[in-house]
file query_3.txt (compact mmCIF, C-alpha atoms and all ligand atoms)
# COMPACT_ATOMS: atom_id res chain seq x y z
CA MET N 376 11.57 12.14 -37.75
CA PRO N 377 11.60 8.66 -36.11
CA THR N 378 8.32 7.06 -35.04
CA ILE N 379 7.66 7.95 -31.40
CA GLY N 380 4.90 6.78 -29.09
CA ILE N 381 3.73 4.40 -26.40
CA ASP N 382 5.98 1.38 -26.46
CA ALA N 383 4.33 -0.59 -23.64
CA ILE N 384 1.65 -0.26 -20.98
CA ALA N 385 1.02 -2.01 -17.64
CA LEU N 386 -1.70 -1.55 -15.05
CA ALA N 387 -1.87 -1.89 -11.28
CA VAL N 388 -5.08 -1.93 -9.26
CA PRO N 389 -5.72 -2.34 -5.52
CA GLU N 390 -6.29 -5.80 -4.03
CA GLY N 391 -10.03 -5.31 -3.70
CA TYR N 392 -13.18 -3.79 -5.16
CA VAL N 393 -16.85 -3.37 -4.38
CA GLU N 394 -19.78 -4.33 -6.58
CA LEU N 395 -21.66 -1.15 -7.40
CA ALA N 396 -24.99 -2.98 -7.31
CA GLU N 397 -24.26 -3.77 -3.64
CA LEU N 398 -23.21 -0.18 -2.92
CA ALA N 399 -26.44 1.03 -4.55
CA GLU N 400 -28.52 -1.24 -2.33
CA ALA N 401 -26.68 0.00 0.77
CA ARG N 402 -27.36 3.59 -0.29
CA GLY N 403 -31.05 2.94 -1.07
CA VAL N 404 -30.57 3.59 -4.79
CA PRO N 405 -31.77 1.27 -7.61
CA PRO N 406 -28.67 -0.73 -8.73
CA SER N 407 -29.55 0.11 -12.34
CA LYS N 408 -28.74 3.76 -11.64
CA TYR N 409 -25.08 2.96 -10.93
CA VAL N 410 -24.61 0.03 -13.31
CA GLU N 411 -26.56 1.32 -16.32
CA GLY N 412 -27.03 4.99 -15.45
CA LEU N 413 -23.34 5.58 -14.74
CA GLY N 414 -21.97 2.61 -16.70
CA VAL N 415 -19.77 1.17 -13.92
CA SER N 416 -20.13 -2.31 -12.43
CA GLN N 417 -17.19 -2.51 -9.99
CA MET N 418 -15.15 0.11 -8.14
CA ALA N 419 -11.57 -0.44 -6.98
CA VAL N 420 -10.94 0.43 -3.32
CA ALA N 421 -7.43 1.23 -2.11
CA GLN N 422 -6.34 0.21 1.38
CA ALA N 423 -3.99 2.43 3.38
CA HIS N 424 -0.87 0.64 2.09
CA GLU N 425 -2.00 1.07 -1.54
CA ASP N 426 -1.22 4.76 -1.99
CA ALA N 427 -0.35 6.51 -5.25
CA VAL N 428 3.35 5.63 -4.91
CA ALA N 429 2.73 1.93 -4.22
CA LEU N 430 0.23 1.58 -7.07
CA ALA N 431 2.61 3.31 -9.49
CA ALA N 432 5.60 1.22 -8.38
CA ASN N 433 3.64 -1.99 -8.87
CA ALA N 434 2.52 -0.92 -12.36
CA ALA N 435 6.08 0.05 -13.31
CA ARG N 436 7.59 -3.20 -12.01
CA ARG N 437 5.06 -5.14 -14.00
CA LEU N 438 5.86 -3.05 -17.08
CA PHE N 439 9.62 -3.69 -16.81
CA LEU N 440 9.04 -7.41 -16.43
CA GLN N 441 6.34 -7.99 -19.04
CA ALA N 442 7.76 -5.69 -21.73
CA ARG N 443 11.42 -6.50 -20.91
CA ILE N 444 12.40 -2.90 -20.28
CA ASP N 445 15.89 -2.19 -18.97
CA PRO N 446 15.47 0.38 -16.14
CA SER N 447 18.98 1.68 -16.79
CA ASN N 448 17.72 3.08 -20.11
CA VAL N 449 15.10 5.33 -18.45
CA GLY N 450 16.21 8.95 -18.85
CA MET N 451 13.05 10.59 -17.55
CA VAL N 452 10.38 9.53 -15.05
CA ILE N 453 7.22 11.61 -14.73
CA ALA N 454 4.35 10.85 -12.38
CA GLY N 455 1.01 12.45 -13.19
CA SER N 456 -1.25 12.50 -10.15
CA GLU N 457 -3.86 14.54 -8.32
CA THR N 458 -3.48 12.46 -5.15
CA ALA N 459 0.14 13.19 -4.31
CA VAL N 460 1.58 12.01 -0.99
CA ASP N 461 3.67 15.11 -0.21
CA HIS N 462 3.55 18.84 -0.97
CA SER N 463 7.18 18.84 -2.07
CA LYS N 464 8.70 15.40 -2.66
CA PRO N 465 7.19 14.05 -5.88
CA ILE N 466 5.89 10.53 -6.42
CA ALA N 467 8.53 10.28 -9.15
CA ALA N 468 11.32 10.62 -6.57
CA TYR N 469 9.96 7.69 -4.55
CA LEU N 470 9.65 5.69 -7.77
CA HIS N 471 13.18 6.57 -8.76
CA GLY N 472 14.40 4.91 -5.56
CA ILE N 473 12.04 1.94 -5.43
CA LEU N 474 12.62 1.06 -9.08
CA GLY N 475 16.38 1.60 -9.00
CA LEU N 476 16.42 4.09 -11.88
CA PRO N 477 19.73 5.60 -13.01
CA SER N 478 20.95 8.86 -11.47
CA ARG N 479 21.21 10.38 -14.97
CA CYS N 480 17.47 10.75 -15.07
CA ARG N 481 15.03 13.69 -14.87
CA SER N 482 12.26 13.07 -12.34
CA TYR N 483 9.17 15.08 -11.42
CA GLU N 484 5.42 15.12 -10.85
CA THR N 485 2.73 16.79 -12.98
CA LYS N 486 -0.66 17.99 -11.79
CA HIS N 487 -3.75 19.22 -13.49
CA ALA N 488 -6.55 17.03 -12.11
CA CYS N 489 -7.07 14.06 -14.47
CA PHE N 490 -4.92 15.69 -17.18
CA GLY N 491 -1.63 15.35 -15.24
CA GLY N 492 -0.64 12.13 -17.01
CA THR N 493 -1.26 13.56 -20.45
CA ALA N 494 0.82 16.64 -19.58
CA GLY N 495 3.69 14.27 -18.82
CA LEU N 496 3.09 12.15 -21.89
CA MET N 497 3.22 15.20 -24.18
CA THR N 498 6.43 16.37 -22.52
CA ALA N 499 7.97 12.92 -22.93
CA LEU N 500 6.96 12.92 -26.60
CA ASP N 501 8.57 16.31 -27.20
CA TRP N 502 11.67 15.29 -25.21
CA ILE N 503 12.20 12.39 -27.58
CA ALA N 504 11.19 14.30 -30.74
CA SER N 505 13.67 17.08 -29.87
CA GLY N 506 16.57 14.62 -29.72
CA SER N 507 17.28 15.34 -26.03
CA ALA N 508 16.53 11.73 -25.07
CA ARG N 509 19.50 10.42 -27.10
CA GLY N 510 18.07 6.92 -27.36
CA ARG N 511 16.78 6.73 -23.80
CA VAL N 512 13.14 6.13 -22.92
CA ALA N 513 10.68 7.95 -20.65
CA LEU N 514 8.73 6.19 -17.91
CA MET N 515 5.34 7.88 -17.76
CA MET N 516 3.18 7.12 -14.73
CA CYS N 517 -0.45 7.95 -14.04
CA THR N 518 -1.46 7.09 -10.49
CA ASP N 519 -4.35 8.05 -8.23
CA VAL N 520 -6.74 7.10 -5.48
CA ALA N 521 -10.09 8.77 -6.24
CA ARG N 522 -12.10 9.64 -3.15
CA TYR N 523 -15.44 11.41 -2.77
CA ALA N 524 -17.39 11.68 0.47
CA LEU N 525 -19.30 8.56 1.54
CA LYS N 526 -22.98 8.78 0.59
CA SER N 527 -22.35 11.68 -1.83
CA ALA N 528 -23.41 11.69 -5.50
CA GLY N 529 -19.76 11.21 -6.44
CA GLU N 530 -19.30 8.10 -4.27
CA PRO N 531 -20.11 5.57 -7.03
CA THR N 532 -17.57 7.29 -9.33
CA GLN N 533 -14.51 6.56 -7.17
CA GLY N 534 -11.74 4.10 -8.02
CA ALA N 535 -7.98 3.66 -7.73
CA GLY N 536 -5.18 2.45 -9.93
CA ALA N 537 -2.04 3.21 -11.87
CA VAL N 538 -0.99 3.02 -15.50
CA ALA N 539 2.70 2.78 -16.38
CA MET N 540 3.82 3.58 -19.91
CA ILE N 541 7.13 3.60 -21.73
CA VAL N 542 7.42 6.40 -24.27
CA SER N 543 10.13 5.74 -26.82
CA GLU N 544 11.26 5.69 -30.43
CA ASN N 545 10.00 2.74 -32.48
CA PRO N 546 7.17 1.95 -30.05
CA ARG N 547 5.61 -1.51 -30.07
CA MET N 548 2.02 -0.41 -29.28
CA LEU N 549 0.98 3.04 -30.48
CA ALA N 550 2.75 5.64 -32.62
CA LEU N 551 1.76 9.16 -31.56
CA GLU N 552 1.79 12.27 -33.74
CA PRO N 553 4.09 14.94 -32.27
CA GLY N 554 2.82 18.42 -33.08
CA ILE N 555 -0.69 17.32 -34.07
CA SER N 556 -2.90 17.90 -31.07
CA GLY N 557 -5.62 20.27 -29.95
CA SER N 558 -5.67 21.96 -26.54
CA TYR N 559 -8.37 23.78 -24.61
CA SER N 560 -8.21 25.50 -21.20
CA ARG N 561 -10.56 27.57 -19.06
CA ASP N 562 -10.57 28.54 -15.37
CA VAL N 563 -13.59 26.76 -13.84
CA HIS N 564 -14.53 25.31 -10.45
CA ASP N 565 -16.05 22.01 -11.54
CA PHE N 566 -13.90 19.72 -9.38
CA TRP N 567 -11.13 20.49 -6.91
CA ARG N 568 -9.56 19.24 -3.69
CA PRO N 569 -8.56 21.79 -1.04
CA LEU N 570 -5.24 21.22 0.75
CA TYR N 571 -7.01 20.15 3.95
CA SER N 572 -9.15 17.46 2.31
CA LYS N 573 -8.58 13.86 1.25
CA GLU N 574 -11.90 13.93 -0.60
CA ALA N 575 -12.60 15.81 -3.81
CA MET N 576 -15.20 18.55 -4.00
CA VAL N 577 -17.26 18.48 -7.14
CA ASP N 578 -20.06 20.33 -8.85
CA GLY N 579 -20.98 17.10 -10.64
CA HIS N 580 -23.42 18.15 -13.36
CA TYR N 581 -21.40 21.29 -14.08
CA SER N 582 -18.28 19.11 -14.43
CA VAL N 583 -20.03 17.09 -17.13
CA GLN N 584 -20.81 20.30 -19.03
CA CYS N 585 -17.23 21.57 -18.61
CA TYR N 586 -15.93 18.23 -19.96
CA LEU N 587 -18.17 18.48 -23.03
CA ASP N 588 -17.24 22.12 -23.70
CA ALA N 589 -13.56 21.21 -23.41
CA LEU N 590 -14.04 18.28 -25.78
CA ALA N 591 -15.60 20.56 -28.40
CA GLY N 592 -12.76 23.09 -28.03
CA ALA N 593 -9.92 20.58 -28.10
CA TYR N 594 -11.46 18.55 -30.93
CA SER N 595 -11.89 21.57 -33.17
CA ALA N 596 -8.26 22.61 -32.58
CA TRP N 597 -7.08 19.05 -33.26
CA SER N 598 -9.24 18.71 -36.40
CA GLU N 599 -7.61 21.80 -37.85
CA ALA N 600 -4.09 20.53 -37.06
CA SER N 601 -4.90 17.06 -38.36
CA ARG N 602 -6.34 18.47 -41.60
CA GLU N 603 -3.32 20.69 -42.11
CA ALA N 604 -1.08 17.63 -41.67
CA GLY N 605 -2.99 15.95 -44.52
CA TYR N 606 -5.13 13.45 -42.59
CA HIS N 607 -8.66 12.69 -43.79
CA ARG N 608 -11.38 13.39 -41.20
CA ASP N 609 -12.63 9.80 -41.37
CA SER N 610 -9.21 8.30 -40.67
CA ILE N 611 -10.09 7.68 -36.99
CA VAL N 612 -11.60 4.22 -36.47
CA ARG N 613 -11.72 4.05 -32.63
CA ARG N 614 -12.04 6.71 -29.96
CA CYS N 615 -10.86 6.62 -26.36
CA TYR N 616 -12.12 9.22 -23.89
CA HIS N 617 -11.27 10.20 -20.35
CA VAL N 618 -13.57 7.90 -18.32
CA PRO N 619 -14.62 9.19 -14.88
CA TYR N 620 -17.49 6.72 -15.38
CA GLY N 621 -18.52 4.82 -18.49
CA LYS N 622 -21.60 6.88 -19.29
CA MET N 623 -19.42 10.00 -19.54
CA ALA N 624 -17.62 8.46 -22.52
CA LYS N 625 -20.98 7.79 -24.15
CA LYS N 626 -22.06 11.40 -23.60
CA ALA N 627 -18.71 12.56 -24.96
CA HIS N 628 -19.04 10.44 -28.08
CA ARG N 629 -22.56 11.72 -28.76
CA HIS N 630 -21.27 15.27 -28.39
CA LEU N 631 -18.34 14.68 -30.69
CA MET N 632 -20.54 13.00 -33.29
CA SER N 633 -22.99 15.90 -33.18
CA ILE N 634 -20.05 18.21 -33.94
CA GLU N 635 -19.37 15.93 -36.91
CA GLY N 636 -22.99 16.44 -38.03
CA LYS N 637 -24.20 12.95 -37.02
CA THR N 638 -27.61 12.18 -35.49
CA GLU N 639 -27.99 10.62 -32.02
CA GLU N 640 -28.86 7.26 -33.64
CA GLN N 641 -25.72 7.38 -35.80
CA ALA N 642 -23.69 8.36 -32.72
CA ASP N 643 -25.02 5.43 -30.69
CA ALA N 644 -24.35 3.01 -33.54
CA SER N 645 -20.75 4.22 -33.89
CA TYR N 646 -20.36 4.18 -30.07
CA LYS N 647 -20.73 0.39 -30.16
CA GLU N 648 -18.03 0.07 -32.79
CA GLN N 649 -15.69 2.91 -31.85
CA VAL N 650 -15.90 3.25 -28.05
CA ALA N 651 -17.51 0.30 -26.21
CA THR N 652 -14.41 -1.93 -26.07
CA SER N 653 -12.37 0.80 -24.41
CA LEU N 654 -14.81 0.80 -21.47
CA LYS N 655 -14.54 -2.90 -20.55
CA LEU N 656 -11.64 -2.55 -18.10
CA PRO N 657 -12.63 0.90 -16.75
CA SER N 658 -16.12 -0.42 -15.92
CA GLN N 659 -14.47 -2.90 -13.51
CA VAL N 660 -12.21 -0.35 -11.81
CA GLY N 661 -14.01 3.01 -11.79
CA ASN N 662 -12.33 6.39 -12.01
CA ILE N 663 -8.55 6.31 -11.72
CA TYR N 664 -8.25 10.03 -12.53
CA THR N 665 -4.96 10.59 -14.44
CA GLY N 666 -4.86 7.01 -15.71
CA SER N 667 -8.47 6.79 -16.86
CA LEU N 668 -7.84 7.58 -20.52
CA TYR N 669 -4.88 5.20 -20.60
CA MET N 670 -6.79 2.37 -18.97
CA ALA N 671 -9.37 2.91 -21.72
CA LEU N 672 -6.57 2.67 -24.29
CA ALA N 673 -5.28 -0.50 -22.59
CA SER N 674 -8.78 -1.94 -22.74
CA LEU N 675 -9.11 -1.18 -26.44
CA LEU N 676 -5.72 -2.73 -27.21
CA GLU N 677 -6.36 -5.75 -24.98
CA TYR N 678 -9.43 -6.71 -26.99
CA GLU N 679 -8.76 -5.31 -30.46
CA ALA N 680 -5.06 -4.61 -31.05
CA ALA N 681 -4.65 -7.34 -33.65
CA ASP N 682 -7.54 -5.98 -35.76
CA LEU N 683 -6.42 -2.40 -35.39
CA GLU N 684 -2.82 -2.68 -36.57
CA GLY N 685 -2.05 0.26 -38.86
CA LYS N 686 -5.31 2.00 -37.90
CA ARG N 687 -5.62 5.46 -36.34
CA ILE N 688 -7.38 6.05 -33.02
CA GLY N 689 -8.43 9.30 -31.34
CA LEU N 690 -7.72 10.09 -27.68
CA PHE N 691 -9.32 12.72 -25.46
CA SER N 692 -7.85 13.76 -22.11
CA TYR N 693 -9.73 16.05 -19.71
CA GLY N 694 -8.61 17.54 -16.40
CA SER N 695 -11.05 19.52 -14.30
CA GLY N 696 -10.20 23.06 -13.54
CA CYS N 697 -9.89 22.78 -16.60
CA THR N 698 -7.59 21.77 -19.42
CA ALA N 699 -8.00 19.20 -22.18
CA GLU N 700 -6.24 17.78 -25.20
CA TYR N 701 -7.35 15.79 -28.24
CA PHE N 702 -4.69 13.79 -30.07
CA ALA N 703 -4.36 10.61 -32.09
CA GLY N 704 -2.11 7.63 -32.65
CA ARG N 705 -1.66 4.68 -34.96
CA VAL N 706 -1.60 1.10 -33.70
CA MET N 707 1.78 -0.37 -34.62
CA PRO N 708 2.23 -3.40 -36.87
CA GLY N 709 2.82 -6.41 -34.60
CA ALA N 710 0.95 -4.80 -31.70
CA GLY N 711 -1.63 -7.62 -31.64
CA LEU N 712 0.89 -10.29 -30.64
CA PHE N 713 2.85 -7.97 -28.35
CA VAL N 714 -0.26 -6.85 -26.45
CA LYS N 715 -1.35 -10.47 -26.03
CA GLN N 716 2.00 -11.26 -24.39
CA GLN N 717 1.60 -8.33 -21.99
CA LYS N 718 -1.53 -9.75 -20.28
CA LEU N 719 -2.78 -6.23 -19.62
CA ALA N 720 -5.95 -7.27 -17.78
CA GLU N 721 -4.27 -9.83 -15.50
CA PRO N 722 -4.08 -7.54 -12.41
CA LEU N 723 -7.89 -7.21 -12.44
CA ALA N 724 -8.39 -10.95 -12.30
CA GLU N 725 -6.42 -11.30 -9.07
CA ARG N 726 -8.68 -9.11 -6.90
CA ARG N 727 -11.11 -9.91 -4.11
CA LYS N 728 -14.52 -8.44 -3.40
CA TYR N 729 -15.12 -6.28 -0.31
CA THR N 730 -18.43 -6.12 1.45
CA ILE N 731 -19.84 -2.63 1.96
CA PRO N 732 -18.93 -2.63 5.71
CA GLU N 733 -15.35 -3.66 4.76
CA TYR N 734 -15.20 -0.83 2.21
CA GLU N 735 -16.51 1.68 4.74
CA ALA N 736 -13.95 0.54 7.32
CA ILE N 737 -11.14 0.98 4.76
CA ARG N 738 -12.38 4.50 4.00
CA GLY N 739 -12.64 5.27 7.71
CA ALA N 740 -8.94 4.47 8.17
CA ASP N 741 -7.96 6.96 5.42
CA TYR N 742 -7.86 10.00 7.63
CA ASP N 743 -4.90 9.06 9.85
CA VAL N 744 -2.98 7.21 7.21
CA ASP N 745 -0.32 9.85 6.59
CA ARG N 746 0.74 9.73 10.27
CA ARG N 747 0.42 5.98 10.78
CA PRO N 748 3.51 4.43 12.43
CA VAL N 749 5.35 1.84 10.37
CA GLU N 750 3.88 -1.65 10.55
CA GLN N 751 4.99 -4.82 8.82
CA LEU N 752 2.53 -6.17 6.25
CA GLN N 753 2.16 -9.34 4.23
CA VAL N 754 1.77 -8.08 0.67
CA ASN N 755 3.05 -10.98 -1.45
CA GLY N 756 6.01 -9.17 -2.93
CA ALA N 757 4.06 -6.06 -3.92
CA VAL N 758 5.31 -2.57 -3.11
CA ALA N 759 3.35 -1.19 -0.13
CA PHE N 760 3.26 1.95 1.98
CA LEU N 761 4.18 0.76 5.48
CA GLY N 762 3.73 3.98 7.46
CA VAL N 763 5.70 6.99 8.64
CA GLU N 764 8.95 6.89 10.61
CA ASN N 765 10.89 9.97 11.63
CA GLU N 766 8.49 12.05 9.44
CA ARG N 767 9.44 9.97 6.38
CA ARG N 768 7.16 7.67 4.38
CA VAL N 769 8.44 4.10 4.33
CA TYR N 770 7.77 1.56 1.57
CA THR N 771 8.60 -2.12 1.22
CA ALA N 772 11.86 -2.50 -0.64
N1 LIG Z 801 -31.80 3.18 -13.93
C1 LIG Z 801 -31.00 3.52 -14.95
N2 LIG Z 801 -30.47 4.77 -15.09
C2 LIG Z 801 -30.75 5.67 -14.13
C3 LIG Z 801 -31.58 5.38 -13.04
C4 LIG Z 801 -32.13 4.06 -12.95
N3 LIG Z 801 -32.89 3.69 -11.94
N4 LIG Z 801 -31.68 6.48 -12.27
C5 LIG Z 801 -30.93 7.44 -12.85
N5 LIG Z 801 -30.37 6.94 -13.99
C6 LIG Z 801 -29.47 7.64 -14.90
C7 LIG Z 801 -29.80 9.10 -15.14
O1 LIG Z 801 -30.78 9.24 -16.13
C8 LIG Z 801 -28.44 9.64 -15.56
O2 LIG Z 801 -28.19 9.31 -16.91
P1 LIG Z 801 -27.92 10.51 -17.96
O3 LIG Z 801 -26.72 11.24 -17.43
O4 LIG Z 801 -27.67 9.80 -19.23
O5 LIG Z 801 -29.14 11.35 -17.95
C9 LIG Z 801 -27.46 8.82 -14.73
O6 LIG Z 801 -28.18 7.67 -14.28
C10 LIG Z 801 -26.93 9.55 -13.52
O7 LIG Z 801 -28.03 10.06 -12.80
P2 LIG Z 801 -27.99 11.49 -12.13
O8 LIG Z 801 -29.30 11.74 -11.50
O9 LIG Z 801 -27.44 12.50 -13.08
O10 LIG Z 801 -26.90 11.17 -11.00
P3 LIG Z 801 -26.36 12.07 -9.85
O11 LIG Z 801 -27.01 13.39 -9.82
O12 LIG Z 801 -26.45 11.24 -8.62
O13 LIG Z 801 -24.81 12.31 -10.19
C11 LIG Z 801 -22.73 12.51 -11.32
C12 LIG Z 801 -24.12 11.84 -11.31
C13 LIG Z 801 -21.89 11.93 -12.44
C14 LIG Z 801 -22.88 14.01 -11.55
C15 LIG Z 801 -22.04 12.23 -9.93
O14 LIG Z 801 -21.81 10.86 -9.79
C16 LIG Z 801 -20.75 12.98 -9.75
O15 LIG Z 801 -20.74 14.12 -9.30
N6 LIG Z 801 -19.59 12.33 -10.07
C17 LIG Z 801 -18.29 12.93 -9.93
C18 LIG Z 801 -17.99 13.95 -11.01
C19 LIG Z 801 -17.63 13.42 -12.32
O16 LIG Z 801 -17.28 12.26 -12.44
N7 LIG Z 801 -17.64 14.29 -13.35
C20 LIG Z 801 -17.37 13.93 -14.70
C21 LIG Z 801 -16.61 14.94 -15.46
S1 LIG Z 801 -14.90 14.93 -15.04
call {"tool": "encode", "arguments": {"input": "query_3.txt", "output": "structure tokens"}}
result
Amino acid sequence: MPTIGIDAIALAVPEGYVELAELAEARGVPPSKYVEGLGVSQMAVAQAHEDAVALAANAARRLFLQARIDPSNVGMVIAGSETAVDHSKPIAAYLHGILGLPSRCRSYETKHACFGGTAGLMTALDWIASGSARGRVALMMCTDVARYALKSAGEPTQGAGAVAMIVSENPRMLALEPGISGSYSRDVHDFWRPLYSKEAMVDGHYSVQCYLDALAGAYSAWSEASREAGYHRDSIVRRCYHVPYGKMAKKAHRHLMSIEGKTEEQADASYKEQVATSLKLPSQVGNIYTGSLYMALASLLEYEAADLEGKRIGLFSYGSGCTAEYFAGRVMPGAGLFVKQQKLAEPLAERRKYTIPEYEAIRGADYDVDRRPVEQLQVNGAVAFLGVENERRVYTA
């Protein structure tokens, strides 16, 4: 079987962010609770024109440009999201138009809370492994705007952003392992978003427990599959987790290490080596739901790809509700130079800081956004949601 995996990655984040230390002060909470207690220093805030379609389109355009991808070779576009813009028309259909993808292309949206992107990634992997792709590539999008109620416990764990990935044969970044993964599912009410609400409902502490239970279940299934495929249990040198907030990844790693028979001290020592780098970018953006695991992967590659060439890394995806998957991949030879050329972190450097009143005003405008009449905006060439005309959402060309 040919090598199949993630050929290239690009990120898109909103124009602005808030400092969590400032949000903590405004909420009468010690800043250390958000920054150290939750492990997040900045939180991306999406304006009305930066919806899930616009963020995804900007990530995909960047991907095509930086990684020199020919859009006419895309045979499948999947958008994983839990913040869709329509009950019927998928984000992928908007992207198909905005990006000028070929008509001979399958296009759809996947949803299972933060797992939606991984569902699409696994499908893309199987599509290529089965031979159905016939040399074409899949464009896999993860895109979300995470919103909890203002002044709620979940507020400091919001964020927004998109991750675009090309899944193909002979990938330049990460070879995946079709058939070697571990799944876990259980019907729980840890996090959900009713049809009438823009904001998620969450039973926060229960969601942490559900995440850890799912990790144990998925990891044990993966370990068995990995062992059967002949891999040694110590072959994993780095681990990326779904990151609703940085501390969750630390809790996850401790849990996984305890399953491996390690003490808390050993777990914390290996956290520094195996996990910390993957949290650098997420700690500046916050929770981007479906893209969180893949932003963690981008962070790891951004800082360590050259040293990790040929090495195997573990990945854990969790979606509330819940479903989860543990899988692994090997960093490709040459990935160090390729990743450097991609400038993965560049979109984060171009942002501006919002004050807390600015952030609250942006959130206040959220509620009417899906009925807002079209207005012209200055967005410096970025794709933006302009408003609704004749019941149709309109985007910059
Ligand atoms: N300085 C440093 N750390 C502090 C602190 C301070 N002054 N005050 C509290 N902390 C620590 C706590 O000890 C805790 O760390 P621990 O989890 O390692 O024990 C952490 O900060 C969070 O404090 P906690 O009291 O648990 O926060 P909370 O009750 O306000 O809510 C969440 C935390 C994560 C449950 C909440 O933000 C939430 O519901 N988020 C959305 C759901 C989510 O992301 N779920 C994850 C699974 S998908």
call {"tool": "residues_near_ligand", "arguments": {"input": "query_3.txt", "ligand": "ligand LIG 801 (chain Z)", "cutoff": "7 Å", "atoms": "all atoms listed in the file", "output": "PyMOL selection string"}}
result
chain N and resi 405-409+411-413+528-532+577-580+582-583+586+619-620+622-623+694-695
call {"tool": "residues_near_point", "arguments": {"input": "query_3.txt", "point": "(4.7, -1.9, -12.0)", "cutoff": "9 Å", "atoms": "all atoms listed in the file", "output": "list in words"}}
result
Ala385, Leu386, Ala387, Ala429, Leu430, Ala431, Ala432, Asn433, Ala434, Ala435, Arg436, Arg437, Leu438, Phe439, Leu440, Leu474, Ala537, Val538, Ala539 and Val758 of chain N
call {"tool": "atom_distance", "arguments": {"input": "query_3.txt", "atom1": "CA of Glu544 in chain N", "atom2": "CA of Ala508 in chain N"}}
result
9.6 Å
call {"tool": "residues_around", "arguments": {"input": "query_3.txt", "residues": "Leu723 in chain N", "least_positions_apart": "5", "cutoff": "9 Å", "atoms": "all atoms listed in the file", "output": "MDAnalysis selection string"}}
result
chainID N and resid 386:390 656 659:660
call {"tool": "atom_distance", "arguments": {"input": "query_3.txt", "atom1": "CA of Glu733 in chain N", "atom2": "CA of Gln422 in chain N"}}
result
10.4 Å
call {"tool": "residues_around", "arguments": {"input": "query_3.txt", "residues": "range 555-564 of chain N", "least_positions_apart": "4", "cutoff": "9 Å", "atoms": "only C-alpha atoms", "output": "list in words"}}
result
Leu551, Val577, Asp578, Tyr581, Ser582, Cys585, Ala589, Leu590, Ala591, Gly592, Ala593, Tyr594, Ser595, Ala596, Trp597, Ser598, Glu599, Ala600, Ser601, Ala604, Ser695, Gly696, Cys697, Thr698, Ala699, Glu700, Tyr701, Phe702 and Ala703 of chain N
call {"tool": "atom_distance", "arguments": {"input": "query_3.txt", "atom1": "CA of Ser527 in chain N", "atom2": "CA of Gly455 in chain N"}}
result
26.0 Å
call {"tool": "residues_around", "arguments": {"input": "query_3.txt", "residues": "range 391-397 of chain N", "least_positions_apart": "4", "cutoff": "7 Å", "atoms": "only C-alpha atoms", "output": "JSON list (two decimals) with C-alpha atoms, in the frame of the given file"}}
result
[["chain", "number", "residue", "atom", "x", "y", "z"],
["N", 401, "ALA", "CA", -26.68, 0.00, 0.77],
["N", 406, "PRO", "CA", -28.67, -0.73, -8.73],
["N", 409, "TYR", "CA", -25.08, 2.96, -10.93],
["N", 410, "VAL", "CA", -24.61, 0.03, -13.31],
["N", 416, "SER", "CA", -20.13, -2.31, -12.43],
["N", 417, "GLN", "CA", -17.19, -2.51, -9.99],
["N", 418, "MET", "CA", -15.15, 0.11, -8.14],
["N", 419, "ALA", "CA", -11.57, -0.44, -6.98],
["N", 420, "VAL", "CA", -10.94, 0.43, -3.32],
["N", 531, "PRO", "CA", -20.11, 5.57, -7.03],
["N", 726, "ARG", "CA", -8.68, -9.11, -6.90],
["N", 727, "ARG", "CA", -11.11, -9.91, -4.11],
["N", 728, "LYS", "CA", -14.52, -8.44, -3.40],
["N", 729, "TYR", "CA", -15.12, -6.28, -0.31],
["N", 730, "THR", "CA", -18.43, -6.12, 1.45]]
call {"tool": "closest_residue", "arguments": {"input": "query_3.txt", "among": "N:Met548, N:Ile634, N:Leu683, N:Val452", "to": "Arg479 in chain N", "atoms": "all atoms listed in the file"}}
result
N:Val452
call {"tool": "residues_near_point", "arguments": {"input": "query_3.txt", "point": "(15.6, 3.2, -26.2)", "cutoff": "10 Å", "atoms": "all atoms listed in the file", "output": "JSON, numbers by chain"}}
result
{"N": [382, 444, 445, 448, 449, 450, 503, 508, 509, 510, 511, 512, 513, 541, 542, 543, 544, 545, 546]}
call {"tool": "residues_around", "arguments": {"input": "query_3.txt", "residues": "Ala651 in chain N", "least_positions_apart": "5", "cutoff": "10 Å", "atoms": "only C-alpha atoms", "output": "mmCIF file with C-alpha atoms, in the coordinates of the input"}}
result
data_model
loop_
_atom_site.group_PDB
_atom_site.id
_atom_site.type_symbol
_atom_site.label_atom_id
_atom_site.label_comp_id
_atom_site.auth_asym_id
_atom_site.auth_seq_id
_atom_site.Cartn_x
_atom_site.Cartn_y
_atom_site.Cartn_z
ATOM 1 C CA ARG N 613 -11.720 4.050 -32.630
ATOM 2 C CA ARG N 614 -12.040 6.710 -29.960
ATOM 3 C CA CYS N 615 -10.860 6.620 -26.360
ATOM 4 C CA GLY N 621 -18.520 4.820 -18.490
ATOM 5 C CA ALA N 624 -17.620 8.460 -22.520
ATOM 6 C CA LYS N 625 -20.980 7.790 -24.150
ATOM 7 C CA SER N 645 -20.750 4.220 -33.890
ATOM 8 C CA TYR N 646 -20.360 4.180 -30.070
ATOM 9 C CA ALA N 671 -9.370 2.910 -21.720
ATOM 10 C CA SER N 674 -8.780 -1.940 -22.740
ATOM 11 C CA LEU N 675 -9.110 -1.180 -26.440
#
call {"tool": "closest_residue", "arguments": {"input": "query_3.txt", "among": "N:Val520, N:Leu398, N:Ala427, N:Ala504", "to": "Tyr469 in chain N", "atoms": "only C-alpha atoms"}}
result
N:Ala427
call {"tool": "closest_residue", "arguments": {"input": "query_3.txt", "among": "N:Ser447, N:Leu654, N:Gly661, N:Thr458", "to": "Pro569 in chain N", "atoms": "all atoms listed in the file"}}
result
N:Thr458
